[in-house]
Every structure is written in C-alpha cells, then in structure tokens.
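J.: Structure file query_30.pdb (PDB, C-alpha atoms, pLDDT in the B column) right here:
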```
ATOM      1  CA  MET A   1       0.000   0.000   0.000  1.00 78.00           C
ATOM      2  CA  GLU A   2       2.889   2.332   0.761  1.00 84.00           C
ATOM      3  CA  THR A   3       4.271   1.818  -2.758  1.00 88.00           C
ATOM      4  CA  PHE A   4       0.842   2.505  -4.272  1.00 92.00           C
ATOM      5  CA  ILE A   5       0.602   5.792  -2.343  1.00 91.00           C
ATOM      6  CA  HIS A   6       4.154   6.668  -3.389  1.00 85.00           C
ATOM      7  CA  GLY A   7       3.237   6.271  -7.058  1.00 87.00           C
ATOM      8  CA  PHE A   8       0.015   8.219  -6.498  1.00 90.00           C
ATOM      9  CA  LEU A   9       1.856  11.166  -4.926  1.00 88.00           C
ATOM     10  CA  VAL A  10       4.794  11.224  -7.363  1.00 83.00           C
ATOM     11  CA  CYS A  11       2.498  11.275 -10.406  1.00 84.00           C
ATOM     12  CA  GLY A  12       0.234  13.813  -8.722  1.00 83.00           C
ATOM     13  CA  GLY A  13       3.119  16.183  -8.118  1.00 78.00           C
ATOM     14  CA  LEU A  14       4.014  16.057 -11.812  1.00 78.00           C
ATOM     15  CA  ILE A  15       0.594  15.989 -13.468  1.00 82.00           C
ATOM     16  CA  ILE A  16      -1.191  18.668 -11.429  1.00 74.00           C
ATOM     17  CA  ALA A  17       1.358  21.378 -12.230  1.00 67.00           C
ATOM     18  CA  ILE A  18       0.051  24.026 -14.649  1.00 62.00           C
ATOM     19  CA  GLY A  19       1.035  23.073 -18.173  1.00 74.00           C
ATOM     20  CA  ALA A  20      -0.072  22.980 -21.781  1.00 79.00           C
ATOM     21  CA  GLN A  21      -2.060  19.760 -21.419  1.00 87.00           C
ATOM     22  CA  ASN A  22      -3.953  20.846 -18.300  1.00 86.00           C
ATOM     23  CA  ALA A  23      -4.781  24.225 -19.820  1.00 85.00           C
ATOM     24  CA  PHE A  24      -6.078  22.485 -22.938  1.00 88.00           C
ATOM     25  CA  VAL A  25      -8.246  20.030 -20.962  1.00 91.00           C
ATOM     26  CA  LEU A  26      -9.638  22.853 -18.813  1.00 89.00           C
ATOM     27  CA  LYS A  27     -10.732  24.854 -21.831  1.00 86.00           C
ATOM     28  CA  GLN A  28     -12.271  21.840 -23.569  1.00 90.00           C
ATOM     29  CA  GLY A  29     -14.179  21.115 -20.360  1.00 90.00           C
ATOM     30  CA  LEU A  30     -15.508  24.653 -20.246  1.00 87.00           C
ATOM     31  CA  LEU A  31     -16.537  24.441 -23.889  1.00 84.00           C
ATOM     32  CA  LYS A  32     -17.970  20.920 -23.412  1.00 84.00           C
ATOM     33  CA  ASN A  33     -16.074  20.041 -26.567  1.00 84.00           C
ATOM     34  CA  HIS A  34     -15.922  16.223 -26.738  1.00 90.00           C
ATOM     35  CA  ILE A  35     -14.535  16.270 -23.218  1.00 92.00           C
ATOM     36  CA  LEU A  36     -14.868  12.503 -22.682  1.00 94.00           C
ATOM     37  CA  ALA A  37     -12.773  11.825 -25.789  1.00 94.00           C
ATOM     38  CA  VAL A  38     -10.198  14.392 -24.634  1.00 95.00           C
ATOM     39  CA  ILE A  39     -10.003  12.926 -21.125  1.00 96.00           C
ATOM     40  CA  LEU A  40      -9.729   9.334 -22.337  1.00 96.00           C
ATOM     41  CA  THR A  41      -7.007  10.331 -24.803  1.00 96.00           C
ATOM     42  CA  CYS A  42      -4.984  11.963 -22.023  1.00 95.00           C
ATOM     43  CA  PHE A  43      -5.463   8.952 -19.766  1.00 96.00           C
ATOM     44  CA  ILE A  44      -4.550   6.413 -22.458  1.00 96.00           C
ATOM     45  CA  CYS A  45      -1.401   8.408 -23.257  1.00 95.00           C
ATOM     46  CA  ASP A  46      -0.496   8.302 -19.576  1.00 94.00           C
ATOM     47  CA  ILE A  47      -1.121   4.550 -19.429  1.00 94.00           C
ATOM     48  CA  VAL A  48       1.324   3.991 -22.288  1.00 93.00           C
ATOM     49  CA  LEU A  49       3.988   6.531 -21.287  1.00 92.00           C
ATOM     50  CA  ILE A  50       3.994   5.893 -17.536  1.00 92.00           C
ATOM     51  CA  SER A  51       3.984   2.126 -18.100  1.00 92.00           C
ATOM     52  CA  LEU A  52       6.986   2.443 -20.398  1.00 90.00           C
ATOM     53  CA  GLY A  53       8.744   4.615 -17.846  1.00 87.00           C
ATOM     54  CA  VAL A  54       8.050   2.337 -14.885  1.00 88.00           C
ATOM     55  CA  LEU A  55       9.004  -0.807 -16.825  1.00 84.00           C
ATOM     56  CA  GLY A  56      12.243   0.799 -17.993  1.00 76.00           C
ATOM     57  CA  LEU A  57      11.533   0.755 -21.732  1.00 68.00           C
ATOM     58  CA  GLY A  58      11.399   4.546 -21.995  1.00 57.00           C
ATOM     59  CA  SER A  59      15.161   4.893 -21.614  1.00 57.00           C
ATOM     60  CA  LEU A  60      15.578   3.744 -25.225  1.00 60.00           C
ATOM     61  CA  ILE A  61      13.885   6.962 -26.376  1.00 57.00           C
ATOM     62  CA  SER A  62      15.095   9.363 -23.708  1.00 58.00           C
ATOM     63  CA  GLU A  63      18.733   8.448 -24.342  1.00 64.00           C
ATOM     64  CA  SER A  64      18.511   9.485 -28.009  1.00 69.00           C
ATOM     65  CA  ARG A  65      19.701  13.090 -28.246  1.00 74.00           C
ATOM     66  CA  GLU A  66      18.542  13.420 -31.847  1.00 77.00           C
ATOM     67  CA  ALA A  67      15.007  12.294 -31.000  1.00 70.00           C
ATOM     68  CA  THR A  68      14.846  14.623 -28.003  1.00 69.00           C
ATOM     69  CA  VAL A  69      16.075  17.621 -30.025  1.00 78.00           C
ATOM     70  CA  ALA A  70      13.558  16.910 -32.792  1.00 77.00           C
ATOM     71  CA  LEU A  71      10.729  16.649 -30.261  1.00 69.00           C
ATOM     72  CA  GLY A  72      11.846  19.885 -28.645  1.00 74.00           C
ATOM     73  CA  ILE A  73      11.816  21.795 -31.944  1.00 83.00           C
ATOM     74  CA  VAL A  74       8.478  20.407 -33.139  1.00 79.00           C
ATOM     75  CA  GLY A  75       6.932  20.921 -29.709  1.00 73.00           C
ATOM     76  CA  ALA A  76       8.157  24.513 -29.499  1.00 82.00           C
ATOM     77  CA  LEU A  77       6.727  25.325 -32.931  1.00 85.00           C
ATOM     78  CA  PHE A  78       3.385  23.712 -32.143  1.00 79.00           C
ATOM     79  CA  LEU A  79       3.026  25.477 -28.794  1.00 80.00           C
ATOM     80  CA  THR A  80       4.040  28.805 -30.331  1.00 89.00           C
ATOM     81  CA  VAL A  81       1.224  28.543 -32.877  1.00 86.00           C
ATOM     82  CA  TYR A  82      -1.272  27.324 -30.268  1.00 80.00           C
ATOM     83  CA  GLY A  83      -0.270  30.144 -27.923  1.00 86.00           C
ATOM     84  CA  ALA A  84      -0.692  32.697 -30.714  1.00 91.00           C
ATOM     85  CA  ARG A  85      -4.220  31.402 -31.293  1.00 85.00           C
ATOM     86  CA  ALA A  86      -4.986  31.789 -27.590  1.00 84.00           C
ATOM     87  CA  PHE A  87      -3.684  35.382 -27.606  1.00 91.00           C
ATOM     88  CA  ARG A  88      -5.765  36.115 -30.695  1.00 88.00           C
ATOM     89  CA  SER A  89      -8.841  34.714 -28.955  1.00 83.00           C
ATOM     90  CA  ALA A  90      -8.071  36.845 -25.886  1.00 84.00           C
ATOM     91  CA  TYR A  91      -7.780  39.951 -28.080  1.00 86.00           C
ATOM     92  CA  LEU A  92     -10.981  39.294 -30.028  1.00 83.00           C
ATOM     93  CA  GLY A  93     -12.916  38.058 -26.999  1.00 74.00           C
ATOM     94  CA  ASN A  94     -14.741  35.408 -29.042  1.00 63.00           C
ATOM     95  CA  SER A  95     -14.546  32.433 -26.662  1.00 60.00           C
ATOM     96  CA  SER A  96     -17.816  33.336 -24.939  1.00 60.00           C
ATOM     97  CA  LEU A  97     -19.535  32.904 -28.304  1.00 50.00           C
ATOM     98  CA  GLU A  98     -17.539  29.764 -28.967  1.00 56.00           C
ATOM     99  CA  ILE A  99     -19.043  27.947 -25.988  1.00 55.00           C
ATOM    100  CA  GLN A 100     -22.543  28.217 -27.419  1.00 53.00           C
ATOM    101  CA  SER A 101     -21.523  27.055 -30.876  1.00 49.00           C
ATOM    102  CA  GLN A 102     -19.694  24.064 -29.415  1.00 52.00           C
ATOM    103  CA  ARG A 103     -22.792  22.993 -27.484  1.00 51.00           C
ATOM    104  CA  GLN A 104     -24.974  23.126 -30.564  1.00 47.00           C
ATOM    105  CA  ASP A 105     -22.550  21.447 -32.978  1.00 51.00           C
ATOM    106  CA  HIS A 106     -23.039  17.814 -31.964  1.00 49.00           C
ATOM    107  CA  THR A 107     -21.733  16.633 -35.330  1.00 45.00           C
ATOM    108  CA  SER A 108     -18.356  18.349 -35.028  1.00 56.00           C
ATOM    109  CA  SER A 109     -15.574  15.832 -35.353  1.00 81.00           C
ATOM    110  CA  ALA A 110     -14.442  14.161 -32.160  1.00 84.00           C
ATOM    111  CA  TRP A 111     -11.369  13.105 -34.084  1.00 87.00           C
ATOM    112  CA  LYS A 112     -10.222  16.709 -34.275  1.00 88.00           C
ATOM    113  CA  ALA A 113     -10.409  16.948 -30.499  1.00 89.00           C
ATOM    114  CA  VAL A 114      -8.521  13.658 -30.131  1.00 92.00           C
ATOM    115  CA  LEU A 115      -5.801  14.704 -32.586  1.00 91.00           C
ATOM    116  CA  ALA A 116      -5.402  18.077 -30.880  1.00 90.00           C
ATOM    117  CA  THR A 117      -5.092  16.301 -27.523  1.00 92.00           C
ATOM    118  CA  LEU A 118      -2.492  13.898 -28.898  1.00 93.00           C
ATOM    119  CA  ALA A 119      -0.507  16.799 -30.303  1.00 89.00           C
ATOM    120  CA  ILE A 120      -0.593  18.863 -27.107  1.00 88.00           C
ATOM    121  CA  THR A 121       0.428  15.754 -25.138  1.00 90.00           C
ATOM    122  CA  LEU A 122       2.982  13.965 -27.301  1.00 89.00           C
ATOM    123  CA  LEU A 123       4.757  16.950 -28.855  1.00 83.00           C
ATOM    124  CA  ASN A 124       5.892  18.149 -25.433  1.00 79.00           C
ATOM    125  CA  PRO A 125       9.263  16.568 -24.508  1.00 75.00           C
ATOM    126  CA  HIS A 126       8.581  17.420 -20.858  1.00 76.00           C
ATOM    127  CA  VAL A 127       6.121  14.529 -20.745  1.00 83.00           C
ATOM    128  CA  TYR A 128       8.895  12.130 -21.706  1.00 80.00           C
ATOM    129  CA  LEU A 129      11.259  13.566 -19.126  1.00 75.00           C
ATOM    130  CA  ASP A 130       8.574  13.252 -16.447  1.00 79.00           C
ATOM    131  CA  CYS A 131       7.518   9.726 -17.389  1.00 83.00           C
ATOM    132  CA  PHE A 132      10.879   8.255 -18.334  1.00 80.00           C
ATOM    133  CA  ALA A 133      13.469  10.160 -16.320  1.00 69.00           C
ATOM    134  CA  ILE A 134      11.632  11.059 -13.093  1.00 74.00           C
ATOM    135  CA  ILE A 135       8.945   8.388 -12.733  1.00 80.00           C
ATOM    136  CA  GLY A 136      11.104   5.775 -14.442  1.00 77.00           C
ATOM    137  CA  GLY A 137      14.099   6.695 -12.303  1.00 72.00           C
ATOM    138  CA  ILE A 138      12.132   6.296  -9.081  1.00 76.00           C
ATOM    139  CA  ALA A 139      10.555   3.039 -10.257  1.00 80.00           C
ATOM    140  CA  GLY A 140      13.996   1.723 -11.168  1.00 73.00           C
ATOM    141  CA  THR A 141      14.765   1.301  -7.470  1.00 71.00           C
ATOM    142  CA  LEU A 142      11.726  -0.960  -6.892  1.00 80.00           C
ATOM    143  CA  THR A 143      11.209  -4.688  -7.168  1.00 84.00           C
ATOM    144  CA  PRO A 144       8.990  -6.043  -9.999  1.00 85.00           C
ATOM    145  CA  ASP A 145       6.026  -6.485  -7.632  1.00 88.00           C
ATOM    146  CA  GLN A 146       6.491  -2.995  -6.216  1.00 88.00           C
ATOM    147  CA  LYS A 147       6.646  -1.543  -9.730  1.00 89.00           C
ATOM    148  CA  ILE A 148       3.138  -2.841 -10.446  1.00 92.00           C
ATOM    149  CA  LEU A 149       1.778  -1.181  -7.298  1.00 93.00           C
ATOM    150  CA  PHE A 150       3.683   2.019  -8.083  1.00 92.00           C
ATOM    151  CA  LEU A 151       2.277   2.011 -11.632  1.00 93.00           C
ATOM    152  CA  CYS A 152      -1.284   1.470 -10.370  1.00 94.00           C
ATOM    153  CA  GLY A 153      -0.926   4.383  -7.964  1.00 94.00           C
ATOM    154  CA  ALA A 154       0.416   6.665 -10.701  1.00 93.00           C
ATOM    155  CA  LEU A 155      -2.348   5.740 -13.139  1.00 95.00           C
ATOM    156  CA  CYS A 156      -4.984   6.211 -10.446  1.00 95.00           C
ATOM    157  CA  THR A 157      -3.787   9.793 -10.027  1.00 93.00           C
ATOM    158  CA  SER A 158      -3.969  10.376 -13.783  1.00 93.00           C
ATOM    159  CA  PHE A 159      -7.515   8.998 -14.008  1.00 95.00           C
ATOM    160  CA  LEU A 160      -8.840  11.025 -11.082  1.00 95.00           C
ATOM    161  CA  TRP A 161      -7.111  14.240 -12.152  1.00 93.00           C
ATOM    162  CA  PHE A 162      -8.204  14.357 -15.786  1.00 94.00           C
ATOM    163  CA  PHE A 163     -11.805  13.403 -15.061  1.00 94.00           C
ATOM    164  CA  SER A 164     -11.955  15.943 -12.225  1.00 93.00           C
ATOM    165  CA  LEU A 165     -10.403  18.678 -14.371  1.00 91.00           C
ATOM    166  CA  GLY A 166     -12.484  17.960 -17.466  1.00 92.00           C
ATOM    167  CA  TYR A 167     -15.884  17.584 -15.831  1.00 93.00           C
ATOM    168  CA  GLY A 168     -15.173  19.843 -12.859  1.00 91.00           C
ATOM    169  CA  ALA A 169     -14.592  22.700 -15.284  1.00 88.00           C
ATOM    170  CA  ARG A 170     -18.367  22.817 -15.809  1.00 84.00           C
ATOM    171  CA  LEU A 171     -18.768  24.194 -12.309  1.00 86.00           C
ATOM    172  CA  LEU A 172     -16.915  27.286 -13.514  1.00 83.00           C
ATOM    173  CA  ILE A 173     -19.215  27.913 -16.494  1.00 79.00           C
ATOM    174  CA  PRO A 174     -21.321  30.581 -14.668  1.00 82.00           C
ATOM    175  CA  LEU A 175     -18.103  32.491 -14.065  1.00 80.00           C
ATOM    176  CA  PHE A 176     -17.158  32.189 -17.722  1.00 76.00           C
ATOM    177  CA  LYS A 177     -20.400  33.724 -18.941  1.00 74.00           C
ATOM    178  CA  ARG A 178     -18.503  36.983 -18.613  1.00 79.00           C
ATOM    179  CA  PRO A 179     -16.331  37.671 -21.697  1.00 79.00           C
ATOM    180  CA  ILE A 180     -13.568  39.223 -19.555  1.00 86.00           C
ATOM    181  CA  THR A 181     -13.099  35.894 -17.749  1.00 83.00           C
ATOM    182  CA  TRP A 182     -12.575  34.121 -21.065  1.00 80.00           C
ATOM    183  CA  ARG A 183     -10.097  36.772 -22.122  1.00 85.00           C
ATOM    184  CA  ILE A 184      -8.114  36.287 -18.936  1.00 87.00           C
ATOM    185  CA  LEU A 185      -8.106  32.489 -19.373  1.00 83.00           C
ATOM    186  CA  ASP A 186      -7.040  32.743 -23.028  1.00 85.00           C
ATOM    187  CA  PHE A 187      -4.266  35.162 -22.067  1.00 90.00           C
ATOM    188  CA  VAL A 188      -3.053  32.806 -19.321  1.00 86.00           C
ATOM    189  CA  ILE A 189      -3.166  29.833 -21.702  1.00 82.00           C
ATOM    190  CA  GLY A 190      -1.237  31.763 -24.341  1.00 86.00           C
ATOM    191  CA  SER A 191       1.374  32.792 -21.788  1.00 89.00           C
ATOM    192  CA  VAL A 192       1.786  29.219 -20.527  1.00 82.00           C
ATOM    193  CA  MET A 193       2.130  27.888 -24.085  1.00 80.00           C
ATOM    194  CA  TRP A 194       4.775  30.445 -25.024  1.00 90.00           C
ATOM    195  CA  LEU A 195       6.737  29.972 -21.808  1.00 85.00           C
ATOM    196  CA  ILE A 196       6.838  26.219 -22.383  1.00 77.00           C
ATOM    197  CA  ALA A 197       7.707  26.753 -26.060  1.00 83.00           C
ATOM    198  CA  PHE A 198      10.613  29.006 -25.040  1.00 88.00           C
ATOM    199  CA  GLY A 199      11.808  26.400 -22.555  1.00 82.00           C
ATOM    200  CA  LEU A 200      11.625  23.645 -25.170  1.00 77.00           C
ATOM    201  CA  ALA A 201      13.465  25.706 -27.771  1.00 85.00           C
ATOM    202  CA  LYS A 202      16.171  26.526 -25.228  1.00 86.00           C
ATOM    203  CA  TYR A 203      16.396  22.885 -24.174  1.00 77.00           C
ATOM    204  CA  ALA A 204      16.704  21.692 -27.802  1.00 79.00           C
ATOM    205  CA  TYR A 205      19.352  24.359 -28.531  1.00 84.00           C
ATOM    206  CA  GLN A 206      21.451  23.308 -25.534  1.00 84.00           C
ATOM    207  CA  LEU A 207      21.283  19.630 -26.558  1.00 78.00           C
ATOM    208  CA  ALA A 208      22.141  20.418 -30.173  1.00 71.00           C
TER     209      ALA A 208
END
```
Could you write out this structure as structure tokens?

T.:
Amino acid sequence: METFIHGFLVCGGLIIAIGAQNAFVLKQGLLKNHILAVILTCFICDIVLISLGVLGLGSLISESREATVALGIVGALFLTVYGARAFRSAYLGNSSLEIQSQRQDHTSSAWKAVLATLAITLLNPHVYLDCFAIIGGIAGTLTPDQKILFLCGALCTSFLWFFSLGYGARLLIPLFKRPITWRILDFVIGSVMWLIAFGLAKYAYQLA
C-alpha cells in the first residue's frame, strides 16, 4: 500500500502542475467540446507513457539526443502557434460565443479533439522527461512487484485528475459567462504555451 501511495503522490506532483495539457483540458471542459474523448485520450497516453517509464523501456527513447532535439523543436513550434491562437482569442474576446456554438454542434468531429489532444500531449518533450526520467528513475529502485503497485498508484492519479479537471470545469461555467473571464483564461493559456515553447526551444538548442 505504501508503494501505491508513493506512485500516487509522485504522479500527482508532476501531473497537477500548470502546463499545456492541463490548460487544454480545462478549456475543452468549459466548452464541453468532446470532453470525454479528450479525457480518455490523455489517460490512455499516460497509461502507455507511464507504463513504459516504470518498466524501464522509456530509456531507449530518452537516451537518443537526436530524437529529443527533434521533439523539442516540433513541440516549441506547435506550442508557439497554439499560444498565438490563444492570444488572438483573448484579443478578439470570441470564446464566450464559442461555448454556445460548441454545445450546438453535436456533429463536429471528435477526431479533431482527439488529434489536438495527442498533439498537445505527445509533442511536449517534458512529458517524456517526467515519465521516463523522473517516474522511471524512481521506479527503477523498486522490485517487480512494487513496480506494479507504483504504476497502479500513478495511473490512479492520472484517471482522477483528468476526469476531475475535465468535468469539474463545468462548475466554472457561470463564471465564464462573462467575456472578460474568457479573455483572462485565453491570455493565461497563451502565456503558458509560449513559456513552455521558449523552454523547449532553449532545451533543444542546448542539446544540439
């Protein structure tokens, strides 16, 4: 049980921090934009990545400098564009209108939401450092039986967090009926995206 709690707390400390993925899930939850598909995509990604990290297979990727540099460059470019879109939305103040259109458009493609979630998750090298270097490094000191408990604890955190964030966002909808609140959120999201993009570009440059 102690190992399970250890995995729960370690993953929680990494996943709850403000980042591109959490900001994306929060906004999709507020917009009610295929939130179940978004949440399940995030959780499935965590199942794969954390499992690879805990079982030690992730080191094959994390030890490749070329792969890490490429991920850093692509991730920085993607987050720069996404951040620019958030700043544009903050300037135009159109997200309050967007929430109504998303509710009415039941035929809008869930695949677009899934692909956007995959991009925001997998194009960020930080996720690989967290899952392979930090979580994998800690799990490397455990026995095989303990690794399973550690993995279960970590995945339990992921499941609870993404479902709470995605569906809990609906409680904030009354607050987001005010356009200024959406503008503030979009500005914060844009700032987070650009800060992470700068960090990734700097990280890739230092490795290169």

J.: Do you have the CA of Leu207 in chain A-CA of Gly19 in chain A distance handy?

T.: 22.2 Å

J.: List as a list in words the residues having at least one atom at most 10 Å from position (17.7, 20.5, -33.2) as given in the file, counting all atoms listed in the file.

T.: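 Those residues, ordered by chain and then number, are Arg65, Glu66, Ala67, Thr68, Val69, Ala70, Leu71, Gly72, Ile73, Val74, Ala201, Tyr203, Ala204, Tyr205, Gln206, Leu207 and Ala208 of chain A.
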
J.: Measuring between all atoms listed in the file, which one of A:Gln28, A:Asn124, A:Phe187, A:Ala154 shows the shortest distance to Leu77 in chain A?

T.: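 Closest to Leu77 in chain A of all the choices is A:Asn124.
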
J.: What's around range 20-22 of chain A at 12 Å? Count only C-alpha atoms, leave out sequence neighbours fewer than 6 positions away in its own chain, and write the answer as an MDAnalysis selection string.

T.: chainID A and resid 14 28:29 38:39 41:43 45:46 75:76 78:80 82:83 86 116:127 158 161:166 169 188:197

J.: What is the CA of Gly56 in chain A to CA of Leu149 in chain A distance in Å?

T.: 15.1 Å

J.: Can you pull out the residues contacting Gly137 in chain A? Cut-off 10 Å, using only C-alpha atoms, and skip same-chain residues under 4 positions away; I want them as number ranges by chain.

T.: A: 53-54, 56, 59, 130-133, 141-142

J.: Quick one: pull the distance between CA of Leu26 in chain A and CA of Leu151 in chain A, Å, one decimal.

T.: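 The value is 25.1 Å.
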
J.: Which residues are close to range 175-181 of chain A, i.e. within 7 Å by all atoms listed in the file, leaving aside same-chain residues fewer than 3 positions away? Reply as a list in words.

T.: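 The contact residues come out as Gly93, Ser96, Leu172, Ile184 and Leu185 of chain A.
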
J.: So that I can see what lies close to Thr3 in chain A, please list as a tab-separated table (two decimals) with C-alpha atoms, in the frame of the given file the residues with an atom at most 10 Å from it, counting all atoms listed in the file and leaving out residues fewer than 5 positions away in the same chain.

T.:
```tsv
chain	number	residue	atom	x	y	z
A	8	PHE	CA	0.02	8.22	-6.50
A	9	LEU	CA	1.86	11.17	-4.93
A	139	ALA	CA	10.56	3.04	-10.26
A	142	LEU	CA	11.73	-0.96	-6.89
A	145	ASP	CA	6.03	-6.48	-7.63
A	146	GLN	CA	6.49	-3.00	-6.22
A	147	LYS	CA	6.65	-1.54	-9.73
A	148	ILE	CA	3.14	-2.84	-10.45
A	149	LEU	CA	1.78	-1.18	-7.30
A	150	PHE	CA	3.68	2.02	-8.08
A	151	LEU	CA	2.28	2.01	-11.63
A	152	CYS	CA	-1.28	1.47	-10.37
A	153	GLY	CA	-0.93	4.38	-7.96
```

J.: With a distance cut-off of 8 Å and all atoms listed in the file, select the neighbouring residues of Ala37 in chain A, excluding the residue or stretch itself and same-chain residues fewer than 5 positions from it, and output the selection as a PyMOL selection string.

T.: chain A and resi 110+113-114
